[in-house]
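Below is one structure, written out as structure tokens; the observations come after it.
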Amino acid sequence: MKIETAEHKGHKLVSVSGDIDMYSAHELREELMRLTSRKPQIVLVNLIEVPYMDSSGIATFVEILKVMKRYGGRLKLVHMNEGIMEIFRFSKLDSIFEIVGEMDDALKS
Amino acid sequence: MKIETAEHKGHKLVSVSGDIDMYSAHELREELMRLTSRKPQIVLVNLIEVPYMDSSGIATFVEILKVMKRYGGRLKLVHMNEGIMEIFRFSKLDSIFEIVGEMDDALKS
Amino acid sequence: MKDSTIITIPSHPKYLSVVRAVSVKMTELHGLSAAEAEDIKLAVDEACSNVIKHAYEGDTGKRIVVRFRFTKSKLEVVIEDSGKMHPEYIAGRNLDDVRPGGLGVHLIRRAFDVVAFDEKKKKGNRLILTRYTKNREKHED
Amino acid sequence: MKDSTIITIPSHPKYLSVVRAVSVKMTELHGLSAAEAEDIKLAVDEACSNVIKHAYEGDTGKRIVVRFRFTKSKLEVVIEDSGKMHPEYIAGRNLDDVRPGGLGVHLIRRAFDVVAFDEKKKKGNRLILTRYTKNREKHED
Ligand SMILES: Nc1ncnc2c1ncn2[C@@H]1O[C@H](COP(=O)(O)OP(=O)(O)O)[C@@H](O)[C@H]1O
Ligand SMILES: Nc1ncnc2c1ncn2[C@@H]1O[C@H](COP(=O)(O)OP(=O)(O)O)[C@@H](O)[C@H]1O
């Protein structure tokens, strides 16, 4: 897994590529914790190159979501593939997260 | 591995997809033996969807080449990827086979 | 046993990807659909992650043994460790209670019809996951 | 041994793809280049194919055990069978003599610096393939 952090229209954009599992979730968690410690209003996570995510990845996003909610920030998950989306639905997390289809829509609401 | 046999400008075209190893080479051998038993002048094998070939695959093509040479037929291997090409070179087989880059060139000589 | 495929890895999370690769190849070889293969891969990954977290409590120097066996009627995946024994698989959290963790067991039960520990195992754990091939609906509830 | 990864398959050619998948994942995890990974995958596949063909003489009901072990200085792949013993690895054909077969051994030696049978093995064979990590040129001739 690789993580790249950039700016997108004034917001933090984290692009992940590769499987997110117990091994890589650790590194992802560190990066997102570091980022959110500065309380950015919006964090975009681009999952277009993430073919697979297990419960460690999901747990990481739940944790970050909670951190951000505490200070009123918003976490947006962009380009989640259908297989992962199904796991989010099964876990009843699809309504808790802001899951956005396209980068262009991520900043619309 | 999947094998599809079709006609291409009046010649037999065998399109293979998937790895060619000891398991699948067996099936490929059967198909090429069946085909060459009717002594076609030219047989084209499209390898564009073959990412991997081991020595069982190579042995199969050597065998078919010998069968075809016996009656004056020509075997043309099209779209071989660079990794497999390297194995053919290493095995000193690149000069024995007619290895063609593009389908369009396969019937030019 | 002769017809089974076994992958043995160190109990380090980095080897989970190896187990997933084997899982995918095995289900592919036995003609399961891509969707089925994904569910099984995830479940096996979760079960191995649980071994690292709970049975080995994060110790990455132990071993995990994962055995795949296909018969006409079922797929059996057996996961063995030599870690801390535990009486029963905890149920996983209520899915309406949103918090990190507690999903793994649900994802395992989603892919397998029967999830059971072998009581006869002396040291460590042997988790037996069974998925029936036919009439899957009949076995699901 | 705790740091090695072991894949055990039935001696049927269809499981060669499982061994290849493990080989790719293992080399990837240890940071080898894609080209190196390809050479190693092919060599391991050839060695397993040879076990099926020569040690087991086509019997698909036996087992092959393949162990991957990475240390700082080398990659070691050990391939075990319980088949017909043979004194030494035959050299492979002269590459200028074009005929089917006889390439496998060359492809194994291409990826590994040392190719040796363990003399201590009682029943069956244990082929030890060693590839040095650094100064590969020094070990090649
Ligand atoms: N292999 C195991 N050994 C011991 N306890 C386990 C094992 N797997 C799961 N458990 C128990 O079941 C609980 C639920 O597991 P799971 O749903 O995977 O969630 P998580 O691991 O995120 O807590 C765990 O918290 C743990 O107490
Ligand atoms: N695992 C093995 N057990 C016994 N003999 C072997 C084994 N591997 C290779 N050999 C011998 O070495 C020869 C060369 O092997 P190889 O180069 O792979 O070519 P091929 O298998 O196509 O004949 C074989 O023909 C066989 O006699």
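The chains in the structure tokens are called A, B, ... from first to last as shown; in each chain the residues are counted from 1, and the ligands are counted from 1 in the order shown.
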
Using only C-alpha atoms and all ligand atoms, what are the residues with an atom within 10 Å of ligand 2, set out as a PyMOL selection string?
(chain B and resi 55-56+58-59) or (chain D and resi 43+46-57+79-81+83-94+99-109+117+124-127)

Do a neighbour search on Phe88 of chain B at 12 Å with only C-alpha atoms, toss out local chain neighbours closer than 2 positions, and write the hits as an MDAnalysis selection string.
(chainID B and resid 53:55 57:59 61:62 77 80:86 90:99) or (chainID D and resid 95 98 103 107)

Please, which residues of segment 3-139 of chain C, numbered as in this document, come out helix (DSSP H, G or I) from DSSP, as a PyMOL selection string?
chain C and resi 13-29+34-55+104-111+136-139

Nearest residue to chain B from the set C:Lys41, C:Leu29, C:Arg67, C:Arg110 (distances using only C-alpha atoms):
C:Leu29

Exercise: Met103 of chain A partners within 10 Å, only C-alpha atoms, chain neighbours under 6 positions left out, as a ChimeraX atom specification
/A:8,44-46,48,76-79

Of the candidates B:Ser24, B:Ile87, B:Glu7, B:Val43, which one gets nearest to Ala35 of chain D if we count only C-alpha atoms?
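Looking only at the distances to Ala35 of chain D, the closest residue turns out to be B:Ile87.
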
Could you tell me which residues of chain D sit within 10 Å of chain C when counting only C-alpha atoms, and give me the result as a PyMOL selection string?
chain D and resi 1-12+14-15+17-26+29+60-68

Compile the contact shell of Ser109 of chain A as a VMD selection string: residues with an atom at most 12 Å away, counting only C-alpha atoms, same-chain residues fewer than 2 positions apart removed.
chain A and resid 42 74 76 98 to 100 104 to 107

Export, as a PDB file, in the first residue's frame, the selected residues with N, CA and C atoms.
ATOM      1  N   ILE A  42     -12.106  19.550   6.113  1.00  0.00           N
ATOM      2  CA  ILE A  42     -12.481  18.449   5.217  1.00  0.00           C
ATOM      3  C   ILE A  42     -11.255  17.599   4.894  1.00  0.00           C
ATOM      4  N   ARG A  74     -15.124  16.988   8.503  1.00  0.00           N
ATOM      5  CA  ARG A  74     -15.829  16.009   7.661  1.00  0.00           C
ATOM      6  C   ARG A  74     -14.849  15.138   6.877  1.00  0.00           C
ATOM      7  N   LYS A  76     -14.473  12.450   3.874  1.00  0.00           N
ATOM      8  CA  LYS A  76     -15.188  11.995   2.675  1.00  0.00           C
ATOM      9  C   LYS A  76     -14.406  10.893   1.967  1.00  0.00           C
ATOM     10  N   GLU A  98     -19.602   9.654   4.769  1.00  0.00           N
ATOM     11  CA  GLU A  98     -19.901  10.355   3.523  1.00  0.00           C
ATOM     12  C   GLU A  98     -19.123   9.647   2.419  1.00  0.00           C
ATOM     13  N   ILE A  99     -19.840   8.886   1.637  1.00  0.00           N
ATOM     14  CA  ILE A  99     -19.203   8.116   0.566  1.00  0.00           C
ATOM     15  C   ILE A  99     -19.587   8.753  -0.766  1.00  0.00           C
ATOM     16  N   VAL A 100     -18.579   9.197  -1.514  1.00  0.00           N
ATOM     17  CA  VAL A 100     -18.828  10.003  -2.706  1.00  0.00           C
ATOM     18  C   VAL A 100     -18.308   9.273  -3.941  1.00  0.00           C
ATOM     19  N   ASP A 104     -15.284  15.122  -8.358  1.00  0.00           N
ATOM     20  CA  ASP A 104     -15.987  16.380  -8.632  1.00  0.00           C
ATOM     21  C   ASP A 104     -17.149  16.630  -7.674  1.00  0.00           C
ATOM     22  N   ASP A 105     -17.748  15.539  -7.186  1.00  0.00           N
ATOM     23  CA  ASP A 105     -18.900  15.688  -6.292  1.00  0.00           C
ATOM     24  C   ASP A 105     -18.492  15.841  -4.834  1.00  0.00           C
ATOM     25  N   ALA A 106     -17.225  15.579  -4.556  1.00  0.00           N
ATOM     26  CA  ALA A 106     -16.791  15.488  -3.162  1.00  0.00           C
ATOM     27  C   ALA A 106     -16.927  16.803  -2.409  1.00  0.00           C
ATOM     28  N   LEU A 107     -16.868  17.907  -3.155  1.00  0.00           N
ATOM     29  CA  LEU A 107     -16.909  19.205  -2.462  1.00  0.00           C
ATOM     30  C   LEU A 107     -18.229  19.927  -2.677  1.00  0.00           C
TER      31      LEU A 107
END

For Arg70 of chain B, find every residue with an atom within 10 Å (counting only C-alpha atoms), except residues of its own chain fewer than 5 positions away, and show them as a PyMOL selection string.
chain B and resi 39+64-65

Export, as a JSON list (two decimals), in the first residue's frame, the selected residues with all heavy atoms.
[["chain", "number", "residue", "atom", "x", "y", "z"],
["B", 39, "LYS", "N", -3.02, -30.36, -41.52],
["B", 39, "LYS", "CA", -1.93, -29.74, -42.29],
["B", 39, "LYS", "C", -2.23, -28.35, -42.85],
["B", 39, "LYS", "O", -2.02, -28.09, -44.06],
["B", 39, "LYS", "CB", -1.48, -30.67, -43.42],
["B", 39, "LYS", "CG", -0.99, -32.05, -42.95],
["B", 39, "LYS", "CD", -0.28, -32.77, -44.08],
["B", 39, "LYS", "CE", 0.49, -34.00, -43.69],
["B", 39, "LYS", "NZ", -0.07, -34.94, -42.74],
["B", 64, "ILE", "N", 4.92, -28.61, -31.84],
["B", 64, "ILE", "CA", 4.01, -28.24, -32.93],
["B", 64, "ILE", "C", 4.81, -27.70, -34.13],
["B", 64, "ILE", "O", 4.51, -28.00, -35.27],
["B", 64, "ILE", "CB", 2.97, -27.19, -32.45],
["B", 64, "ILE", "CG1", 2.09, -27.80, -31.35],
["B", 64, "ILE", "CG2", 2.12, -26.68, -33.61],
["B", 64, "ILE", "CD1", 1.31, -29.03, -31.77],
["B", 65, "LEU", "N", 5.83, -26.91, -33.81],
["B", 65, "LEU", "CA", 6.68, -26.38, -34.87],
["B", 65, "LEU", "C", 7.28, -27.52, -35.69],
["B", 65, "LEU", "O", 7.29, -27.49, -36.93],
["B", 65, "LEU", "CB", 7.80, -25.52, -34.26],
["B", 65, "LEU", "CG", 8.77, -24.88, -35.25],
["B", 65, "LEU", "CD1", 8.07, -23.77, -36.05],
["B", 65, "LEU", "CD2", 10.00, -24.31, -34.55]]

Measuring between only C-alpha atoms and all ligand atoms, which one of C:Leu42, C:Val114, C:Leu75, C:Ala34 shows the shortest distance to ligand 1?
C:Leu42

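What separates atom CA of Lys122 of chain C from atom 6 (C, counted along the ligand's line) of ligand 1 is a distance of 17.0 Å.
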
Distance of atom CA of Ile3 of chain A from atom CA of Leu28 of chain A, expressed in Å to one decimal place
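Taking atom CA of Leu28 of chain A as the start and atom CA of Ile3 of chain A as the end point, the length is 7.2 Å.
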